[in-house]
Amino acid sequence: MENLEFIENYFKGTNDDAQKKLFEKKIMEDPSFAEEVAFYISANGVIQQQAQDEKKQRFREIYNEQKVISIKQPVRNVWRYMAAASIIIAVLVVAWLFTGNKNSPQQLADKYIQQNFINLSVTMGNADSMQTGLQLFNSGKLTEAQTIFETLAKNDPKNSEAKKDAGIVSLRLNNYDKALEYFTMLESETGLYSNPGKFYKAITLMKRNKDGDKEVAKLLLEQVRDGNLEGKNEAVEWLEKF
């Protein structure tokens, strides 16, 4: 596929406006290029059967416009333009999938994890086990860090920080069930000045994204918002996007 990089850049959104116009022009004027685009779309499995209603309407409009163009052309060009119209519709769907749905619960959770759970605060000069676990975590040695946090949480049931960090490292390791266990234990802690347990449970469910997880995560976020708990600002923002 000679134009693979050009096609990939279009769907990644890295092309400038001039390149985008050139891409769409080539689809209309170059049947072989249109076939390459169609193959790329098929091979990557990115076309879905349904999109938002307003997107569907826009696709129908474009399709109808191309049908009018086809009627005005010689018969030998009809199939070329009909094929091009189909490719354009597919391109618009894929572009929407890549750029128009960045606020799904799972994506919101991913963004929060990347911003907040990649590095954890370490107290300088303190060499206890908790700090060792945090240093391992920040060095990317997640399994070793998990062993320390879990041991601390088991040996000291009142160690809320160990429970929190054990939940975070479990979440980073995609062990969602274990993360939920630790965040549930953290949530039940009383007397904490600030308790993120409920909010972190919601993030874990959003990230796991199993059937029913979104609905439960929404209920938890509503409780965080209404109870003025840690994570309220994010809960207010995210609930508008659910």
# chains A, B, ... in the order shown; residues from 1 in each chain; ligands from 1
$ residues_around --residues "Lys163 in chain A" --least-positions-apart "4" --cutoff "8 Å" --atoms "only C-alpha atoms" --output "list in words"
Phe149, Glu150, Ala153, Asn159, Gly167, Tyr182, Phe183, Met185 and Leu186 of chain A
$ write_last_selection --atoms "N, CA and C atoms" --output "JSON list (two decimals), in the first residue's frame"
[["chain", "number", "residue", "atom", "x", "y", "z"],
["A", 149, "PHE", "N", 2.90, -2.86, 49.59],
["A", 149, "PHE", "CA", 1.65, -2.21, 50.02],
["A", 149, "PHE", "C", 0.66, -3.23, 50.59],
["A", 150, "GLU", "N", 0.56, -4.37, 49.95],
["A", 150, "GLU", "CA", -0.38, -5.38, 50.43],
["A", 150, "GLU", "C", 0.06, -5.94, 51.79],
["A", 153, "ALA", "N", -0.81, -3.32, 54.38],
["A", 153, "ALA", "CA", -2.26, -3.26, 54.61],
["A", 153, "ALA", "C", -2.74, -4.45, 55.42],
["A", 159, "ASN", "N", -3.98, 1.09, 58.42],
["A", 159, "ASN", "CA", -3.10, 1.84, 57.52],
["A", 159, "ASN", "C", -3.86, 2.17, 56.24],
["A", 167, "GLY", "N", -4.52, -0.34, 46.26],
["A", 167, "GLY", "CA", -5.58, -0.24, 45.25],
["A", 167, "GLY", "C", -5.08, 0.42, 43.98],
["A", 182, "TYR", "N", -9.59, -3.13, 47.64],
["A", 182, "TYR", "CA", -8.86, -2.19, 48.48],
["A", 182, "TYR", "C", -9.57, -0.85, 48.59],
["A", 183, "PHE", "N", -10.14, -0.38, 47.49],
["A", 183, "PHE", "CA", -10.84, 0.90, 47.54],
["A", 183, "PHE", "C", -12.13, 0.79, 48.36],
["A", 185, "MET", "N", -12.40, -1.18, 51.02],
["A", 185, "MET", "CA", -11.90, -1.11, 52.40],
["A", 185, "MET", "C", -11.57, 0.32, 52.78],
["A", 186, "LEU", "N", -10.96, 1.05, 51.85],
["A", 186, "LEU", "CA", -10.62, 2.44, 52.12],
["A", 186, "LEU", "C", -11.89, 3.27, 52.31]]
$ atom_distance --atom1 "CA of Met130 in chain A" --atom2 "CA of Ala202 in chain A"
25.1 Å
$ atom_distance --atom1 "CA of Ala145 in chain A" --atom2 "CA of Asn209 in chain A"
25.3 Å
$ residues_around --residues "Asp226 in chain A" --least-positions-apart "6" --cutoff "10 Å" --atoms "only C-alpha atoms" --output "number ranges by chain"
A: 220, 232, 235-236
$ write_last_selection --atoms "N, CA and C atoms" --output "mmCIF file, in the first residue's frame"
data_model
loop_
_atom_site.group_PDB
_atom_site.id
_atom_site.type_symbol
_atom_site.label_atom_id
_atom_site.label_comp_id
_atom_site.auth_asym_id
_atom_site.auth_seq_id
_atom_site.Cartn_x
_atom_site.Cartn_y
_atom_site.Cartn_z
ATOM 1 N N LEU A 220 -21.868 6.087 41.980
ATOM 2 C CA LEU A 220 -20.793 6.452 42.907
ATOM 3 C C LEU A 220 -20.380 7.912 42.722
ATOM 4 N N LYS A 232 -14.869 15.462 44.014
ATOM 5 C CA LYS A 232 -16.126 16.097 43.646
ATOM 6 C C LYS A 232 -16.015 16.869 42.335
ATOM 7 N N ALA A 235 -16.086 14.569 39.528
ATOM 8 C CA ALA A 235 -17.396 13.923 39.450
ATOM 9 C C ALA A 235 -18.413 14.832 38.766
ATOM 10 N N VAL A 236 -18.407 16.102 39.121
ATOM 11 C CA VAL A 236 -19.339 17.063 38.518
ATOM 12 C C VAL A 236 -19.092 17.149 37.018
#
$ closest_residue --among "A:Phe6, A:Phe137, A:Tyr193, A:Phe242" --to "Ser160 in chain A" --atoms "only C-alpha atoms"
A:Tyr193
$ residues_around --residues "Asn175 in chain A" --least-positions-apart "5" --cutoff "12 Å" --atoms "only C-alpha atoms" --output "list in words"
Leu142, Thr143, Gln146, Ala166, Gly167, Ile168, Val169, Ser170, Leu180, Glu181, Tyr182, Thr204, Leu205, Lys207 and Arg208 of chain A
$ atom_distance --atom1 "CA of Lys210 in chain A" --atom2 "CA of Asn174 in chain A"
13.0 Å
